[in-house]
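Asks: I have a structure here, written as structure tokens, and I will follow up with some questions on it.
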Amino acid sequence: MRRVYFGADNIITSLGFSTEENAENIYNGITGIKVFENLDLYPSPVAFSSINTHDLESHFSETLKKSCISASEIRNLSRLEKMFLTSIAGALQNSPVDLSDPRTILIISTTKGNIDQIDHRPSKIDNRQSRLRLWEMAGYIAKLLHCYHVPLVVSNACTSGSVATMLGARLIASGLYDHAIVTGGDIVSEFVVSGFNAFQALSPAPCRPFDADRTGLSLGEGCGTVLLTADVSKTGTEKPVIYLGGATSNDANHISGPSRDGEGLYLAISAAMEEAGIKPGELDFISAHGTATPYNDEMESLALAWAGLEKVPVNSFKGYIGHTLGAAGLIEIILSAYSIKNDILFKSIGYENNGVSRPLNIIKENKNTPVRTVLKTASGFGGCNAAAVIGEINV
């Protein structure tokens with residue numbers, strides 16, 4: 001099996017339009033979660049992380065100027081499609097990898113896609129193409145980018161971004177492709193807000209993962225893109241990060257609630273670490289799912305303790321950018337790779353006092369320290385779980 005390297009990347013959230021801008025704001029303890037009064041989303045105020053529309057339009061306009069996309073090909077682009085195209089272009093702007101190459105595959109992860117278009121579906125007398133179906137949206141993006149292959153779509157609840165990364169790595173490791181462009185994105189919409197509010201899962205203020213006073217999750221808009229490659233010369237960095245292993249599991253417990261004992265996530269963690277050849281004492285950091293809901297954080301603490309990882313430094317990025325759904329796993333893997341490249345552990349914003357039954361080593365302050373191996377965990381509706389291990393090239 002071939003090694004898989006992490007190359008160029010990009011993150012778009014409320015905190016910025018590049019990985020570096022996001023990381024800098026996170027380092028400075030800035031949260032992008034704010035309370036909005038938007039009747040198009042919900043009758044009462046909602047706290048979430050939103051990408052500024054004016055900034056998105058500006059960056060997308062710059063993307064068009066520098067890309068191979070023809071203005072004549074563009075048909076009523078949605079907010080999410082602009083995010084995808086801007087993020088992919090941002091990641092590949094200085095990369096020698098070409099999506100028109102037969103050895104390159106595009107993988108898109110999302111949970112809801114163009115869900116904001118649900119009220120604008122084509123009818124018999126309306127020939128507009130809303131691209132509400134995930135494969136239609138993905139195919140259109142691929143067409144604009146002149147992809148050689150039909151893109152792959154991963155939609156597996158909130159593990160989508162992590163699963164898409166694992167899929168890309170396995171396709172490259174097996175030799176089917178040399179490069180994979182993995183991109184994940186979701187927006188905050190009326191449908192999403194209403195759904196999570198129906199579960200009484202939304203926090204009225206920025207979420208506080210693993211804290212005793214946590215009151216629920218914060219939603220977030222986001223898009224992340226990373227190049228995975230078998231060619232280390234195409235990573236564009238002096239300190240490449242490699243994919244070491246990953247695994248998925250399912251609780252078979254409940255359509256929306258995780259298993260109470262954490263066994264499903266534990267199984268994914270154990271399998272991922274076994275594939276990576278990493279023991280608990282060799283992990284330097286865990287990027288947890290950490291949604292700040294009562295059940296998720298408790299379940300995750302049980303799973304990590306079961307795996308013998310209570311002492312490993314852990315954080316959740318969701319207090320900064322919210323839960324970006326189908327983009328979450330990918331964005332947080334990119335930030336984890338940033339931690340490895342820059343030897344830094346980011347504090348878990350919003351955490352003050354332990355709120356789970358198995359106390360974890362939550363990072364309370366930024367710390368400059370060698371980071372060689374990282375575990376990323378994720379869980380989602382339907383009982384899905386995912387775990388991935390990444391590390392330095394010389395691990």
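Quick note on naming: the chains in the structure tokens go A, B, ... in the order shown, residues restart at 1 in each chain, and ligands are numbered from 1 in order of appearance.
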Please list as a ChimeraX atom specification every residue within 6 Å of Thr104 of chain A, counting only C-alpha atoms and excluding residues in the same chain fewer than 6 positions away.
Replies: /A:177,179-180
Asks: What's the 12 Å shell around Phe317 of chain A, counting only C-alpha atoms, without same-chain residues fewer than 4 positions away, as a PyMOL selection string?
Replies: chain A and resi 13+15+22-23+25-27+29-33+206-210+217-218+220+286-292+321-324+328-336+345-351+362-363+376-377
Asks: Between A:Gly319, A:Pro294, A:Gly90, A:Gly185, which is the closest to Asp213 of chain A once you count only C-alpha atoms?
Replies: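 So, comparing all the options, the nearest one is A:Pro294.
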Asks: Using only C-alpha atoms, which of the listed residues (A:Asn394, A:Asn315, A:Ser58, A:Thr111) sits closest to Asn366 of chain A?
Replies: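 Among A:Asn394, A:Asn315, A:Ser58, A:Thr111, it is A:Asn315 that comes nearest to Asn366 of chain A.
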Asks: From the list A:Cys147, A:Leu99, A:Leu64, A:Ile187, which residue is nearest Asp116 of chain A when using only C-alpha atoms?
Replies: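 Among the listed residues, the smallest separation from Asp116 of chain A belongs to A:Ile187.
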Asks: May I have the residues within 10 Å of Ile181 of chain A as JSON, numbers by chain, using only C-alpha atoms and disregarding those fewer than 5 positions away in the same chain?
Replies: {"A": [7, 8, 9, 88, 91, 92, 97, 98, 99, 104, 105, 106, 107, 108, 151, 164, 165, 168, 225, 226, 227, 228, 229]}
Asks: Using DSSP on the backbone coordinates, identify the residues of segment 341-373 of chain A assigned to strand (DSSP E or B); present them as a VMD selection string.
Replies: chain A and resid 344 to 345 354 361 to 362 367 to 368 373
Asks: Name the closest residue to Val371 of chain A among the candidates A:Asn342, A:Thr110, A:Ser95, A:Gln200; distances are taken between atoms, counting only C-alpha atoms.
Replies: A:Asn342
Asks: Between A:Val153, A:Leu202, A:Leu41, A:Leu219, which one has atoms that come closest to Ser14 of chain A, using only C-alpha atoms?
Replies: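 Answer, going by the shortest atom-to-atom distance: A:Leu219.
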Asks: For each of A:Ser49, A:Ser379, A:Thr159, A:Ser100, take the minimum atom-to-atom distance to Lys143 of chain A, counting only C-alpha atoms, then give the residue where this is smallest.
Replies: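 Using only C-alpha atoms, the shortest distance to Lys143 of chain A belongs to A:Ser100.
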Asks: Residues within 10 Å of Ser87 of chain A, please, as a list in words. Count only C-alpha atoms; anything in the same chain fewer than 6 positions from it doesn't count.
Replies: Asp9, Asn10, Ile11, Ile12, Phe17, Ser18, His59, Phe60, Thr63, Glu81, Gln93, Thr183, Gly184, Gly185, Gly222, Cys223, Gly224, Thr225 and Val226 of chain A
Asks: Those residues with all heavy atoms, as a CSV table (one decimal), in the first residue's frame please?
Replies:
chain,number,residue,atom,x,y,z
A,9,ASP,N,-4.2,23.0,1.2
A,9,ASP,CA,-5.5,22.9,1.8
A,9,ASP,C,-6.1,24.4,1.9
A,9,ASP,O,-5.4,25.4,1.6
A,9,ASP,CB,-5.5,22.3,3.1
A,9,ASP,CG,-4.5,22.9,4.1
A,9,ASP,OD1,-4.5,24.2,4.2
A,9,ASP,OD2,-3.8,22.2,4.8
A,10,ASN,N,-7.4,24.4,2.2
A,10,ASN,CA,-8.1,25.7,2.4
A,10,ASN,C,-9.3,25.5,3.3
A,10,ASN,O,-9.9,24.4,3.3
A,10,ASN,CB,-8.6,26.2,1.0
A,10,ASN,CG,-9.5,27.4,1.2
A,10,ASN,OD1,-10.7,27.3,1.3
A,10,ASN,ND2,-9.0,28.6,1.2
A,11,ILE,N,-9.5,26.5,4.1
A,11,ILE,CA,-10.7,26.5,5.0
A,11,ILE,C,-11.5,27.8,4.9
A,11,ILE,O,-10.8,28.9,4.9
A,11,ILE,CB,-10.3,26.3,6.5
A,11,ILE,CG1,-9.7,24.9,6.7
A,11,ILE,CG2,-11.5,26.5,7.4
A,11,ILE,CD1,-9.1,24.7,8.1
A,12,ILE,N,-12.8,27.7,4.7
A,12,ILE,CA,-13.6,28.9,4.7
A,12,ILE,C,-14.7,28.8,5.8
A,12,ILE,O,-15.4,27.8,5.8
A,12,ILE,CB,-14.4,29.0,3.3
A,12,ILE,CG1,-13.4,29.2,2.2
A,12,ILE,CG2,-15.3,30.2,3.4
A,12,ILE,CD1,-14.0,29.3,0.8
A,17,PHE,N,-11.0,33.1,5.1
A,17,PHE,CA,-11.1,32.4,3.8
A,17,PHE,C,-9.8,31.6,3.5
A,17,PHE,O,-9.6,31.3,2.3
A,17,PHE,CB,-11.4,33.4,2.7
A,17,PHE,CG,-12.9,33.8,2.7
A,17,PHE,CD1,-13.4,34.6,3.6
A,17,PHE,CD2,-13.8,33.2,1.7
A,17,PHE,CE1,-14.8,35.0,3.6
A,17,PHE,CE2,-15.1,33.6,1.7
A,17,PHE,CZ,-15.6,34.4,2.7
A,18,SER,N,-9.0,31.3,4.5
A,18,SER,CA,-7.9,30.5,4.3
A,18,SER,C,-7.6,29.7,5.6
A,18,SER,O,-8.1,30.1,6.6
A,18,SER,CB,-6.6,31.3,3.9
A,18,SER,OG,-6.2,32.1,5.0
A,59,HIS,N,-14.7,37.1,-2.6
A,59,HIS,CA,-13.7,36.1,-2.9
A,59,HIS,C,-14.0,35.2,-4.1
A,59,HIS,O,-13.2,34.8,-4.8
A,59,HIS,CB,-13.5,35.2,-1.6
A,59,HIS,CG,-12.7,35.8,-0.6
A,59,HIS,ND1,-13.1,36.7,0.4
A,59,HIS,CD2,-11.3,35.6,-0.3
A,59,HIS,CE1,-12.1,37.1,1.2
A,59,HIS,NE2,-11.1,36.5,0.8
A,60,PHE,N,-15.3,35.0,-4.2
A,60,PHE,CA,-15.8,34.2,-5.4
A,60,PHE,C,-15.5,34.9,-6.7
A,60,PHE,O,-15.0,34.3,-7.7
A,60,PHE,CB,-17.2,33.8,-5.3
A,60,PHE,CG,-17.7,33.0,-6.5
A,60,PHE,CD1,-17.3,31.7,-6.7
A,60,PHE,CD2,-18.6,33.6,-7.4
A,60,PHE,CE1,-17.7,31.0,-7.8
A,60,PHE,CE2,-19.1,32.9,-8.5
A,60,PHE,CZ,-18.6,31.6,-8.7
A,63,THR,N,-12.0,34.4,-7.5
A,63,THR,CA,-11.8,33.0,-7.9
A,63,THR,C,-12.1,32.9,-9.4
A,63,THR,O,-11.3,32.3,-10.1
A,63,THR,CB,-12.7,32.1,-7.1
A,63,THR,OG1,-12.3,32.1,-5.7
A,63,THR,CG2,-12.6,30.7,-7.6
A,81,GLU,N,-22.5,26.3,-3.5
A,81,GLU,CA,-21.6,26.0,-4.7
A,81,GLU,C,-20.5,27.1,-4.8
A,81,GLU,O,-19.4,26.7,-5.2
A,81,GLU,CB,-22.5,26.0,-5.9
A,81,GLU,CG,-23.4,24.8,-6.0
A,81,GLU,CD,-24.5,24.9,-7.0
A,81,GLU,OE1,-24.8,26.1,-7.5
A,81,GLU,OE2,-25.1,23.9,-7.4
A,93,GLN,N,-4.6,26.8,-5.9
A,93,GLN,CA,-4.0,27.9,-6.6
A,93,GLN,C,-2.5,27.8,-6.9
A,93,GLN,O,-2.0,28.3,-7.9
A,93,GLN,CB,-4.3,29.2,-5.8
A,93,GLN,CG,-3.7,29.3,-4.4
A,93,GLN,CD,-4.1,30.6,-3.7
A,93,GLN,OE1,-4.5,31.5,-4.4
A,93,GLN,NE2,-4.0,30.6,-2.4
A,183,THR,N,-13.3,17.7,-0.6
A,183,THR,CA,-13.9,19.0,-0.2
A,183,THR,C,-15.2,18.7,0.5
A,183,THR,O,-15.9,17.8,0.1
A,183,THR,CB,-14.1,20.0,-1.4
A,183,THR,OG1,-14.5,21.2,-1.0
A,183,THR,CG2,-15.0,19.4,-2.4
A,184,GLY,N,-15.5,19.5,1.5
A,184,GLY,CA,-16.7,19.3,2.3
A,184,GLY,C,-17.3,20.6,2.7
A,184,GLY,O,-16.6,21.6,3.0
A,185,GLY,N,-18.6,20.7,2.6
A,185,GLY,CA,-19.3,22.0,2.9
A,185,GLY,C,-20.7,21.8,3.3
A,185,GLY,O,-21.4,20.9,2.9
A,222,GLY,N,-19.5,26.3,6.7
A,222,GLY,CA,-18.1,26.1,6.5
A,222,GLY,C,-17.8,25.2,5.3
A,222,GLY,O,-18.7,24.5,4.8
A,223,CYS,N,-16.6,25.4,4.7
A,223,CYS,CA,-16.2,24.6,3.6
A,223,CYS,C,-14.7,24.4,3.7
A,223,CYS,O,-13.9,25.3,4.1
A,223,CYS,CB,-16.5,25.3,2.3
A,223,CYS,SG,-16.2,24.2,0.8
A,224,GLY,N,-14.2,23.1,3.6
A,224,GLY,CA,-12.8,22.8,3.6
A,224,GLY,C,-12.4,22.0,2.4
A,224,GLY,O,-13.2,21.2,1.9
A,225,THR,N,-11.2,22.1,2.0
A,225,THR,CA,-10.6,21.4,0.9
A,225,THR,C,-9.2,21.0,1.2
A,225,THR,O,-8.4,21.8,1.7
A,225,THR,CB,-10.6,22.2,-0.4
A,225,THR,OG1,-12.0,22.6,-0.7
A,225,THR,CG2,-10.2,21.4,-1.6
A,226,VAL,N,-8.8,19.7,0.8
A,226,VAL,CA,-7.5,19.3,1.0
A,226,VAL,C,-7.1,18.4,-0.2
A,226,VAL,O,-7.9,17.7,-0.7
A,226,VAL,CB,-7.3,18.5,2.3
A,226,VAL,CG1,-8.0,17.2,2.3
A,226,VAL,CG2,-5.8,18.3,2.6
